[in-house]
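Shown next: entry.cif, given as mmCIF, C-alpha atoms.
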data_data
loop_
_atom_site.label_atom_id
_atom_site.label_comp_id
_atom_site.auth_asym_id
_atom_site.auth_seq_id
_atom_site.Cartn_x
_atom_site.Cartn_y
_atom_site.Cartn_z
CA MET A 1 10.77 -17.63 -22.24
CA THR A 2 10.37 -16.09 -18.82
CA THR A 3 13.02 -13.75 -17.46
CA PRO A 4 13.58 -12.85 -13.80
CA VAL A 5 10.73 -11.05 -12.12
CA LEU A 6 10.63 -7.29 -11.94
CA ALA A 7 9.80 -5.64 -8.65
CA LEU A 8 7.39 -2.75 -9.00
CA SER A 9 9.06 -0.87 -6.20
CA SER A 10 8.87 2.39 -8.08
CA LEU A 11 5.10 2.13 -7.85
CA GLY A 12 5.29 1.43 -4.16
CA LEU A 13 3.82 -1.98 -4.71
CA SER A 14 4.73 -5.22 -3.10
CA ALA A 15 3.63 -7.20 -6.12
CA VAL A 16 6.11 -8.74 -8.49
CA VAL A 17 5.28 -9.54 -12.05
CA ALA A 18 6.83 -12.19 -14.25
CA ARG A 19 7.81 -10.81 -17.63
CA THR A 20 8.07 -12.76 -20.82
CA GLU A 21 10.55 -11.95 -23.57
CA GLY A 22 8.96 -9.59 -26.08
CA GLU A 23 6.12 -8.60 -23.76
CA PRO A 24 5.78 -4.93 -22.87
CA ARG A 25 7.44 -3.88 -19.61
CA PRO A 26 5.04 -3.31 -16.69
CA ARG A 27 5.01 0.49 -16.99
CA GLU A 28 4.46 0.26 -20.75
CA ALA A 29 1.83 -2.41 -20.31
CA GLU A 30 0.14 -0.20 -17.76
CA ARG A 31 0.20 2.78 -20.10
CA GLU A 32 -1.32 0.67 -22.83
CA ALA A 33 -3.97 -0.61 -20.43
CA VAL A 34 -4.82 2.96 -19.44
CA GLU A 35 -5.10 3.98 -23.10
CA ALA A 36 -7.37 1.01 -23.76
CA CYS A 37 -9.52 2.03 -20.78
CA ARG A 38 -9.82 5.49 -22.27
CA ARG A 39 -11.23 3.83 -25.38
CA GLY A 40 -13.83 2.14 -23.18
CA GLU A 41 -12.28 -1.32 -23.01
CA ARG A 42 -13.42 -2.84 -19.77
CA GLU A 43 -11.06 -5.82 -20.03
CA ALA A 44 -8.10 -3.47 -19.83
CA PHE A 45 -9.48 -1.91 -16.68
CA ASP A 46 -9.87 -5.38 -15.25
CA GLN A 47 -6.09 -5.80 -15.53
CA LEU A 48 -5.58 -2.63 -13.55
CA VAL A 49 -8.04 -3.80 -10.91
CA VAL A 50 -6.13 -7.07 -10.55
CA ARG A 51 -2.86 -5.20 -10.20
CA TYR A 52 -4.02 -2.62 -7.67
CA GLN A 53 -6.94 -4.09 -5.79
CA ARG A 54 -4.85 -5.27 -2.86
CA ASP A 55 -3.14 -1.90 -2.44
CA VAL A 56 -6.39 0.01 -2.69
CA TYR A 57 -8.17 -2.32 -0.29
CA ARG A 58 -5.38 -2.07 2.27
CA LEU A 59 -5.26 1.70 1.99
CA CYS A 60 -9.01 1.85 2.59
CA TYR A 61 -8.74 -0.57 5.49
CA ARG A 62 -6.24 1.73 7.18
CA TYR A 63 -8.87 4.45 7.17
CA VAL A 64 -11.96 2.50 8.16
CA ASN A 65 -10.46 -0.35 10.17
CA ASN A 66 -12.97 -2.99 9.12
CA HIS A 67 -13.33 -5.31 6.15
CA GLU A 68 -16.88 -4.44 5.10
CA ASP A 69 -16.29 -0.72 4.73
CA ALA A 70 -12.87 -1.28 3.19
CA ASN A 71 -14.43 -3.57 0.61
CA ASP A 72 -17.17 -1.05 -0.26
CA LEU A 73 -14.72 1.81 -0.41
CA ALA A 74 -12.19 -0.05 -2.54
CA GLN A 75 -14.87 -0.89 -5.10
CA GLU A 76 -16.02 2.73 -5.09
CA VAL A 77 -12.45 3.83 -5.73
CA PHE A 78 -12.25 1.66 -8.85
CA LEU A 79 -15.63 2.88 -10.08
CA LYS A 80 -14.53 6.47 -9.63
CA ALA A 81 -11.31 5.70 -11.45
CA TRP A 82 -13.22 4.12 -14.34
CA ARG A 83 -15.53 7.10 -14.61
CA ALA A 84 -12.64 9.56 -14.52
CA ILE A 85 -10.05 7.73 -16.59
CA GLY A 86 -10.86 9.83 -19.65
CA ARG A 87 -9.47 12.78 -17.72
CA PHE A 88 -6.26 10.97 -16.69
CA ARG A 89 -3.55 12.54 -18.84
CA GLY A 90 -0.65 10.39 -17.72
CA GLU A 91 1.16 13.34 -16.16
CA SER A 92 1.71 11.22 -13.06
CA ALA A 93 1.97 7.48 -12.63
CA PHE A 94 -1.38 5.72 -12.76
CA SER A 95 -0.74 4.44 -9.23
CA THR A 96 -0.28 8.00 -7.95
CA TRP A 97 -3.54 9.04 -9.57
CA LEU A 98 -5.34 6.02 -8.17
CA TYR A 99 -3.97 6.57 -4.66
CA ARG A 100 -5.16 10.16 -4.83
CA ILE A 101 -8.68 9.00 -5.67
CA ALA A 102 -8.49 6.46 -2.86
CA VAL A 103 -7.32 8.97 -0.25
CA ASN A 104 -10.06 11.42 -1.26
CA ALA A 105 -12.69 8.67 -1.15
CA CYS A 106 -11.52 7.65 2.31
CA LEU A 107 -11.61 11.23 3.56
CA ASN A 108 -15.11 11.74 2.18
CA PHE A 109 -16.22 8.46 3.68
CA ARG A 110 -14.95 9.48 7.08
CA ALA A 111 -16.59 12.88 6.82
CA LEU A 112 -19.98 11.31 6.12
CA ARG A 113 -19.56 8.42 8.49
CA ARG A 114 -21.26 8.22 11.87
CA PRO A 115 -18.86 7.92 14.83
CA ALA A 116 -16.89 4.71 14.53
CA THR A 117 -18.28 1.73 16.35
CA GLN A 118 -16.13 -0.57 18.39
CA ASP A 119 -14.43 -3.13 16.19
CA LEU A 120 -14.95 -6.76 16.87
CA PRO A 121 -11.90 -8.65 18.06
CA GLU A 122 -10.10 -10.23 15.12
CA ALA A 123 -9.27 -13.42 16.90
CA LEU A 124 -10.82 -15.37 19.72
CA ALA A 125 -8.85 -17.11 22.42
CA ASP A 126 -8.41 -20.81 21.81
CA PRO A 127 -6.50 -23.52 23.61
CA VAL A 128 -3.77 -23.83 20.96
CA PRO A 129 -0.29 -23.03 22.35
CA GLY A 130 0.80 -19.51 21.40
CA ALA A 131 -2.78 -18.40 20.84
CA ALA A 132 -2.67 -15.96 23.76
CA ALA A 133 0.40 -14.24 22.30
CA ARG A 134 -1.27 -14.03 18.90
CA VAL A 135 -4.38 -12.49 20.41
CA GLU A 136 -2.25 -9.99 22.29
CA SER A 137 -0.34 -9.13 19.14
CA ALA A 138 -3.55 -8.78 17.14
CA ASP A 139 -4.98 -6.61 19.88
CA GLU A 140 -1.94 -4.36 19.85
CA ALA A 141 -2.16 -4.10 16.05
CA ARG A 142 -5.80 -3.10 16.38
CA ARG A 143 -4.97 -0.44 18.97
CA VAL A 144 -2.20 0.99 16.83
CA ARG A 145 -4.56 1.10 13.84
CA GLU A 146 -7.10 2.89 15.98
CA ALA A 147 -4.45 5.41 17.04
CA VAL A 148 -3.50 5.93 13.40
CA ARG A 149 -7.15 6.65 12.66
CA ARG A 150 -7.11 9.41 15.27
CA LEU A 151 -4.18 11.27 13.74
CA PRO A 152 -4.82 14.59 12.00
CA GLU A 153 -5.75 14.07 8.32
CA LYS A 154 -2.49 15.03 6.64
CA GLN A 155 -0.38 13.17 9.16
CA ARG A 156 -2.52 10.07 8.85
CA ALA A 157 -2.45 10.06 5.06
CA THR A 158 1.30 10.59 5.05
CA LEU A 159 1.96 7.83 7.55
CA ILE A 160 -0.32 5.34 5.77
CA LEU A 161 1.19 5.93 2.35
CA LYS A 162 4.79 6.02 3.56
CA ILE A 163 4.84 3.26 6.17
CA TYR A 164 2.20 0.83 4.98
CA HIS A 165 2.41 1.33 1.23
CA GLU A 166 6.12 2.01 1.16
CA LEU A 167 5.83 4.94 -1.19
CA THR A 168 8.83 7.22 -1.38
CA HIS A 169 8.58 10.70 0.09
CA GLU A 170 8.37 12.03 -3.47
CA GLU A 171 5.49 9.70 -4.33
CA VAL A 172 3.61 10.61 -1.16
CA ALA A 173 4.08 14.27 -2.03
CA ALA A 174 2.67 13.62 -5.51
CA VAL A 175 -0.37 11.78 -4.16
CA LEU A 176 -1.15 14.44 -1.57
CA GLY A 177 -0.26 17.41 -3.74
CA SER A 178 2.38 18.46 -1.26
CA THR A 179 6.15 18.92 -1.04
CA VAL A 180 8.75 16.46 0.14
CA GLY A 181 9.67 18.73 3.03
CA THR A 182 6.08 18.91 4.21
CA VAL A 183 5.69 15.16 3.87
CA LYS A 184 8.73 14.55 6.04
CA ALA A 185 7.61 17.05 8.65
CA ASN A 186 4.10 15.55 8.70
CA LEU A 187 5.50 12.06 9.09
CA PHE A 188 7.79 13.16 11.90
CA HIS A 189 4.85 14.67 13.79
CA ALA A 190 2.64 11.69 13.00
CA LEU A 191 5.14 9.35 14.65
CA GLY A 192 5.29 11.53 17.76
CA ASN A 193 1.53 11.80 17.95
CA LEU A 194 1.11 8.08 17.44
CA ARG A 195 3.26 7.37 20.48
CA ARG A 196 1.40 9.99 22.47
CA LEU A 197 -1.99 8.52 21.57
CA MET A 198 -0.86 5.05 22.51
CA ALA A 199 0.56 6.34 25.79
CA GLU A 200 -2.73 8.09 26.57
CA GLU A 201 -4.46 4.79 26.12
CA GLY A 202 -2.13 3.33 28.72
CA SER A 203 -0.29 1.13 26.29
CA PRO A 204 3.46 0.73 26.33
CA SER A 205 4.78 2.64 23.36
CA ARG A 206 8.19 1.06 23.24
CA MET B 1 26.50 24.18 19.72
CA THR B 2 24.81 24.71 16.35
CA ARG B 3 21.05 25.05 16.00
CA HIS B 4 18.93 21.94 16.51
CA LEU B 5 18.08 19.89 13.44
CA SER B 6 14.85 20.37 11.53
CA ASP B 7 12.05 17.81 11.69
CA GLU B 8 12.89 16.74 8.15
CA SER B 9 16.53 16.10 9.03
CA LEU B 10 15.54 14.24 12.19
CA LEU B 11 13.20 12.02 10.18
CA ASP B 12 15.92 11.28 7.64
CA LEU B 13 18.20 10.16 10.46
CA ALA B 14 15.46 8.06 12.05
CA GLU B 15 14.95 6.34 8.71
CA GLY B 16 18.67 5.60 8.44
CA ASP B 17 19.41 8.38 5.97
CA GLY B 18 20.60 11.87 6.70
CA THR B 19 23.80 13.74 6.13
CA ALA B 20 27.15 13.26 7.80
CA ALA B 21 26.75 16.67 9.39
CA GLY B 22 23.36 15.61 10.76
CA ARG B 23 24.79 12.45 12.25
CA ALA B 24 27.63 14.42 13.80
CA HIS B 25 25.15 16.85 15.32
CA VAL B 26 23.06 14.08 16.81
CA GLY B 27 26.22 12.54 18.27
CA ALA B 28 26.82 15.76 20.18
CA CYS B 29 23.27 16.96 20.91
CA ALA B 30 21.27 14.97 23.44
CA ALA B 31 18.02 16.75 22.60
CA CYS B 32 18.20 15.91 18.90
CA ALA B 33 19.39 12.37 19.65
CA ALA B 34 16.33 11.88 21.86
CA ARG B 35 14.02 13.12 19.12
CA VAL B 36 15.59 10.77 16.59
CA GLU B 37 15.13 7.87 19.01
CA ALA B 38 11.52 8.87 19.60
CA ALA B 39 10.88 8.90 15.83
CA ARG B 40 12.48 5.45 15.52
CA ALA B 41 10.24 4.17 18.28
CA GLY B 42 7.24 5.66 16.48
CA LEU B 43 8.26 3.91 13.27
CA ALA B 44 8.58 0.58 15.07
CA LEU B 45 5.20 1.09 16.71
CA ALA B 46 3.50 1.99 13.43
CA ARG B 47 4.94 -1.11 11.76
CA ARG B 48 3.32 -3.34 14.36
CA ALA B 49 -0.12 -2.45 13.00
CA ASP B 50 -0.65 -5.24 10.52
CA ILE B 51 -4.08 -5.56 9.01
CA PRO B 52 -5.91 -8.87 8.61
CA GLU B 53 -5.41 -10.39 5.17
CA PRO B 54 -8.65 -11.39 3.46
CA SER B 55 -9.12 -14.86 2.03
CA PRO B 56 -7.31 -15.38 -1.31
CA LEU B 57 -10.74 -15.96 -2.83
CA TYR B 58 -11.76 -12.48 -1.84
CA TRP B 59 -9.65 -10.82 -4.54
CA GLU B 60 -11.35 -12.71 -7.32
CA ALA B 61 -14.75 -11.86 -5.88
CA MET B 62 -13.81 -8.21 -5.64
CA ARG B 63 -12.53 -8.16 -9.20
CA ARG B 64 -15.80 -9.68 -10.43
CA ASN B 65 -17.87 -7.22 -8.41
CA VAL B 66 -15.98 -4.25 -9.81
CA GLY B 67 -16.35 -5.67 -13.33
CA ARG B 68 -20.07 -6.22 -12.86
CA ARG B 69 -20.61 -2.70 -11.56
CA ILE B 70 -18.60 -1.21 -14.38
CA ALA B 71 -20.64 -3.22 -16.89
CA GLN B 72 -23.71 -1.45 -15.52
CA GLU B 73 -22.15 1.95 -16.08
CA PRO B 74 -22.97 3.97 -19.20
CA ARG B 75 -20.51 3.20 -21.96
CA ARG B 76 -17.81 5.78 -22.47
CA LEU B 77 -16.68 5.78 -26.04
CA TRP B 78 -15.88 9.46 -26.37
CA SER B 79 -12.17 9.60 -26.26
CA ALA B 80 -10.29 12.87 -26.31
CA TRP B 81 -9.92 12.94 -30.07
CA LEU B 82 -13.33 11.61 -31.05
CA ALA B 83 -15.41 14.37 -29.50
CA PRO B 84 -13.84 17.26 -31.47
CA LEU B 85 -13.91 15.12 -34.60
CA ALA B 86 -17.62 14.51 -34.14
CA ALA B 87 -18.17 18.22 -33.59
CA THR B 88 -16.25 18.88 -36.79
CA ALA B 89 -18.41 16.33 -38.56
CA ALA B 90 -21.59 18.02 -37.36
CA VAL B 91 -20.38 21.39 -38.66
CA ALA B 92 -19.31 19.73 -41.90
CA VAL B 93 -22.77 18.20 -42.38
CA ALA B 94 -24.43 21.58 -41.93
CA ALA B 95 -21.96 23.34 -44.17
CA ALA B 96 -22.17 20.63 -46.82
CA ALA B 97 -25.95 20.84 -46.78
CA LEU B 98 -25.77 24.59 -47.42
CA THR B 99 -23.05 24.33 -50.07
CA ILE B 100 -24.34 21.36 -51.96
CA GLY B 101 -28.00 21.93 -51.35
CA ARG B 102 -28.49 18.39 -50.25
CA VAL B 103 -29.30 17.07 -46.81
CA PRO B 104 -27.31 13.89 -46.36
CA ALA B 105 -29.84 12.03 -44.28
CA PRO B 106 -33.63 11.96 -44.54
CA PRO B 107 -35.50 13.60 -41.66
CA ARG B 108 -36.04 11.19 -38.87
CA PRO B 109 -39.43 10.57 -37.30
CA ALA B 110 -40.28 13.03 -34.55
CA VAL B 111 -40.46 10.35 -31.90
CA GLU B 112 -37.72 7.78 -31.70
CA PRO B 113 -37.31 5.03 -29.18
CA PRO B 114 -34.63 6.20 -26.77
CA LEU B 115 -31.26 4.50 -26.96
CA PRO B 116 -30.45 2.29 -24.04
CA ALA B 117 -28.50 4.15 -21.39
CA TRP B 118 -25.36 2.16 -22.08
CA SER B 119 -25.25 2.92 -25.80
CA ALA B 120 -23.65 6.31 -26.28
CA LEU B 121 -23.42 6.00 -30.09
CA PRO B 122 -25.65 4.46 -32.74
CA PRO B 123 -24.25 1.51 -34.69
CA ALA B 124 -21.66 2.59 -37.26
CA GLU B 125 -23.82 1.57 -40.22
CA ASP B 126 -26.59 3.94 -39.05
CA ASP B 127 -24.30 6.81 -38.28
CA ALA B 128 -24.50 9.29 -41.14
CA SER B 129 -21.76 11.43 -39.68
CA LEU B 130 -19.22 8.65 -40.22
CA ALA B 131 -19.93 8.74 -43.96
CA VAL B 132 -19.34 12.48 -43.94
CA ILE B 133 -16.03 12.02 -42.14
CA GLU B 134 -15.02 9.33 -44.61
CA GLY B 135 -16.02 11.54 -47.49
CA LEU B 136 -14.02 14.45 -46.22
CA ALA B 137 -11.05 12.24 -45.55
CA THR B 138 -11.02 10.82 -49.06
CA ALA B 139 -11.66 14.15 -50.77
CA GLU B 140 -8.65 15.76 -52.38
CA GLY B 141 -6.73 17.51 -49.62
CA GLY B 142 -8.83 15.62 -47.12
CA LEU B 143 -9.04 16.60 -43.48
CA SER B 144 -5.46 17.77 -43.53
CA ALA B 145 -6.55 20.94 -45.24
CA MET B 146 -8.71 21.70 -42.22
CA ASP B 147 -5.85 21.24 -39.83
CA GLU B 148 -4.36 24.58 -40.70
CA GLY B 149 -6.56 26.50 -38.32
CA ARG B 150 -8.92 27.81 -40.99
CA GLY B 151 -11.95 25.87 -39.75
CA VAL B 152 -14.54 23.90 -41.71
CA GLY B 153 -16.51 26.93 -42.91
CA ALA B 154 -13.41 28.58 -44.37
CA PHE B 155 -12.33 25.29 -45.86
CA LEU B 156 -15.64 24.75 -47.64
CA ALA B 157 -15.97 28.38 -48.69
CA GLY B 158 -12.49 28.24 -50.18
CA LEU B 159 -13.23 25.29 -52.44
CA SER B 160 -13.38 25.85 -56.14
CA GLU B 161 -16.52 24.83 -58.00
CA GLU B 162 -14.73 21.77 -59.30
CA ASP B 163 -13.52 20.79 -55.82
CA SER B 164 -17.00 21.33 -54.41
CA ARG B 165 -18.44 18.96 -56.99
CA ALA B 166 -15.72 16.41 -56.22
CA LEU B 167 -16.47 16.67 -52.52
CA ALA B 168 -20.20 16.28 -53.12
CA GLU B 169 -19.59 13.20 -55.26
CA SER B 170 -17.32 11.79 -52.63
CA LEU B 171 -19.89 12.41 -49.89
CA ARG B 172 -22.67 10.84 -51.97
CA GLY B 173 -20.53 7.82 -52.70
CA ALA B 174 -19.56 7.38 -49.09
CA SER B 175 -23.13 7.88 -47.94
CA GLU B 176 -24.52 5.33 -50.41
CA GLY B 177 -21.69 2.95 -49.68
CA GLY B 178 -22.42 3.22 -45.96
CA ARG B 179 -26.05 2.29 -46.48
CA SER B 180 -25.46 -0.66 -48.79
#

What's the structure tokens form of this structure?
Amino acid sequence: MTTPVLALSSLGLSAVVARTEGEPRPREAEREAVEACRRGEREAFDQLVVRYQRDVYRLCYRYVNNHEDANDLAQEVFLKAWRAIGRFRGESAFSTWLYRIAVNACLNFRALRRPATQDLPEALADPVPGAAARVESADEARRVREAVRRLPEKQRATLILKIYHELTHEEVAAVLGSTVGTVKANLFHALGNLRRLMAEEGSPSR
Amino acid sequence: MTRHLSDESLLDLAEGDGTAAGRAHVGACAACAARVEAARAGLALARRADIPEPSPLYWEAMRRNVGRRIAQEPRRLWSAWLAPLAATAAVAVAAAALTIGRVPAPPRPAVEPPLPAWSALPPAEDDASLAVIEGLATAEGGLSAMDEGRGVGAFLAGLSEEDSRALAESLRGASEGGRS
């Protein structure tokens, strides 16, 4: 029998998972999956990929701003996690550990990457009513993403994890190896810098 | 007028949290109120940056790709407890060979075909060390006697002649049983 769904808000995830009577709770199931991975069971890792692939992909996208690189990076993140899972001791949540791998992979990717090329527009104008507004909105989203990419490293990571992945300040601090106070200060400055960058570009920031 | 609020406090207020004292301060301090408003505007701006959602089919493709790439990785069977146990087994084999005067496995040919990269361990039936571990485990006192920090060498050296013979018998039995 299926009981009401459980929101995984404590993991900072938007996903909800249906739970069946007698089945392990999500955190327990995740711990068991991690243990199985440590024994070399690939099927267990597959479950973790299914659960986290969207979050990892979206985190990577925030750094690279295009699908192809985000896809490559997200897969690399899972490979790194698989290779390192024997060293994961469960001292933090698996999601925290995975986010840390993802942020490091994104930072390394950016360090090695040639200067970013201009992104292609995500939508083309068409004669459908409302299309112009959608293009404008998509264009603004792209410009904001580009401004986020130009933030200093710590501020960018903090803003991405807090705003787009809805992690708590404590979770962001755990991922970045920082303190809650520093996370809040970084986020505060990130928001100010974001507005400044958008204003420099000549865009209305309000 | 008290001192201006810290960045942390201003952020809390911009996010709708913050203390009563903080809210009271912002009500009376135009500078801090402006900074809170600026942070709120920054939050609203940041939230307008949606990213394009891939096709629903993409997630399945990504999952398969990750699975395929992991399948190509070397197998990782050495869990945290197995590695020290295997090391213990190796020491036990050497010590048993010295004590009993019998080498548990015949010498292998000098040149062996290499194991495929993905196979970190030989099959269990060919693994002589497993028989040794089984033998030690079934011997009187078993592995628990080695858990007292004395080490394998001390454990074997401390055995009486009768216990040594029992251990040797046990090892022989396990070894022959493993091969049959």

Restrict the distance test to only C-alpha atoms, flag each residue of chain A within 9 Å of chain B, and return the flagged residues as a ChimeraX atom specification.
/A:38-43,45-46,49-50,53-54,58,61-62,65,67,71,74-76,78-79,82-83,86-87,122,137-138,140-145,148,159,163-164,181-195,205-206

Write the selection just made, keeping C-alpha atoms, as a PDB file, in the coordinates of the input?
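Result went into again.pdb, see below:
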ATOM      1  CA  ARG A  38      -9.820   5.490 -22.270  1.00  0.00           C
ATOM      2  CA  ARG A  39     -11.230   3.830 -25.380  1.00  0.00           C
ATOM      3  CA  GLY A  40     -13.830   2.140 -23.180  1.00  0.00           C
ATOM      4  CA  GLU A  41     -12.280  -1.320 -23.010  1.00  0.00           C
ATOM      5  CA  ARG A  42     -13.420  -2.840 -19.770  1.00  0.00           C
ATOM      6  CA  GLU A  43     -11.060  -5.820 -20.030  1.00  0.00           C
ATOM      7  CA  PHE A  45      -9.480  -1.910 -16.680  1.00  0.00           C
ATOM      8  CA  ASP A  46      -9.870  -5.380 -15.250  1.00  0.00           C
ATOM      9  CA  VAL A  49      -8.040  -3.800 -10.910  1.00  0.00           C
ATOM     10  CA  VAL A  50      -6.130  -7.070 -10.550  1.00  0.00           C
ATOM     11  CA  GLN A  53      -6.940  -4.090  -5.790  1.00  0.00           C
ATOM     12  CA  ARG A  54      -4.850  -5.270  -2.860  1.00  0.00           C
ATOM     13  CA  ARG A  58      -5.380  -2.070   2.270  1.00  0.00           C
ATOM     14  CA  TYR A  61      -8.740  -0.570   5.490  1.00  0.00           C
ATOM     15  CA  ARG A  62      -6.240   1.730   7.180  1.00  0.00           C
ATOM     16  CA  ASN A  65     -10.460  -0.350  10.170  1.00  0.00           C
ATOM     17  CA  HIS A  67     -13.330  -5.310   6.150  1.00  0.00           C
ATOM     18  CA  ASN A  71     -14.430  -3.570   0.610  1.00  0.00           C
ATOM     19  CA  ALA A  74     -12.190  -0.050  -2.540  1.00  0.00           C
ATOM     20  CA  GLN A  75     -14.870  -0.890  -5.100  1.00  0.00           C
ATOM     21  CA  GLU A  76     -16.020   2.730  -5.090  1.00  0.00           C
ATOM     22  CA  PHE A  78     -12.250   1.660  -8.850  1.00  0.00           C
ATOM     23  CA  LEU A  79     -15.630   2.880 -10.080  1.00  0.00           C
ATOM     24  CA  TRP A  82     -13.220   4.120 -14.340  1.00  0.00           C
ATOM     25  CA  ARG A  83     -15.530   7.100 -14.610  1.00  0.00           C
ATOM     26  CA  GLY A  86     -10.860   9.830 -19.650  1.00  0.00           C
ATOM     27  CA  ARG A  87      -9.470  12.780 -17.720  1.00  0.00           C
ATOM     28  CA  GLU A 122     -10.100 -10.230  15.120  1.00  0.00           C
ATOM     29  CA  SER A 137      -0.340  -9.130  19.140  1.00  0.00           C
ATOM     30  CA  ALA A 138      -3.550  -8.780  17.140  1.00  0.00           C
ATOM     31  CA  GLU A 140      -1.940  -4.360  19.850  1.00  0.00           C
ATOM     32  CA  ALA A 141      -2.160  -4.100  16.050  1.00  0.00           C
ATOM     33  CA  ARG A 142      -5.800  -3.100  16.380  1.00  0.00           C
ATOM     34  CA  ARG A 143      -4.970  -0.440  18.970  1.00  0.00           C
ATOM     35  CA  VAL A 144      -2.200   0.990  16.830  1.00  0.00           C
ATOM     36  CA  ARG A 145      -4.560   1.100  13.840  1.00  0.00           C
ATOM     37  CA  VAL A 148      -3.500   5.930  13.400  1.00  0.00           C
ATOM     38  CA  LEU A 159       1.960   7.830   7.550  1.00  0.00           C
ATOM     39  CA  ILE A 163       4.840   3.260   6.170  1.00  0.00           C
ATOM     40  CA  TYR A 164       2.200   0.830   4.980  1.00  0.00           C
ATOM     41  CA  GLY A 181       9.670  18.730   3.030  1.00  0.00           C
ATOM     42  CA  THR A 182       6.080  18.910   4.210  1.00  0.00           C
ATOM     43  CA  VAL A 183       5.690  15.160   3.870  1.00  0.00           C
ATOM     44  CA  LYS A 184       8.730  14.550   6.040  1.00  0.00           C
ATOM     45  CA  ALA A 185       7.610  17.050   8.650  1.00  0.00           C
ATOM     46  CA  ASN A 186       4.100  15.550   8.700  1.00  0.00           C
ATOM     47  CA  LEU A 187       5.500  12.060   9.090  1.00  0.00           C
ATOM     48  CA  PHE A 188       7.790  13.160  11.900  1.00  0.00           C
ATOM     49  CA  HIS A 189       4.850  14.670  13.790  1.00  0.00           C
ATOM     50  CA  ALA A 190       2.640  11.690  13.000  1.00  0.00           C
ATOM     51  CA  LEU A 191       5.140   9.350  14.650  1.00  0.00           C
ATOM     52  CA  GLY A 192       5.290  11.530  17.760  1.00  0.00           C
ATOM     53  CA  ASN A 193       1.530  11.800  17.950  1.00  0.00           C
ATOM     54  CA  LEU A 194       1.110   8.080  17.440  1.00  0.00           C
ATOM     55  CA  ARG A 195       3.260   7.370  20.480  1.00  0.00           C
ATOM     56  CA  SER A 205       4.780   2.640  23.360  1.00  0.00           C
ATOM     57  CA  ARG A 206       8.190   1.060  23.240  1.00  0.00           C
TER      58      ARG A 206
END

field: Point-to-point distance in Å for atom CA of A:Arg100 and atom CA of A:Ala44
entry: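 For atom CA of A:Ala44 relative to atom CA of A:Arg100, the distance reads 20.5 Å.
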
Min atom-atom distance to A:Ser178 from the set A:Leu197, A:Ala157, A:Ala133, A:Ala147, counting all atoms listed in the file, belongs to A:Ala157

A straight line from atom CA of A:Asn66 to atom CA of A:Arg150 spans 15.0 Å

* Record the distance separating atom CA of B:Arg68 and atom CA of A:Val103, expressed in Å with one decimal. =>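 It comes out at 23.5 Å.
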
Q. Which of these residues is nearest to B:Glu37, using all atoms listed in the file: B:Ala168, B:Leu13, B:Ala21, B:Ala61?
A.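 Smallest distance to B:Glu37 is found for B:Leu13.
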
Starting from the PyMOL selection byres ((chain A and resi 30) around 10), expand the selection into actual residues of this file and give them as number ranges by chain. A: 24-29, 31-36, 44-45, 47-48, 51, 93-95
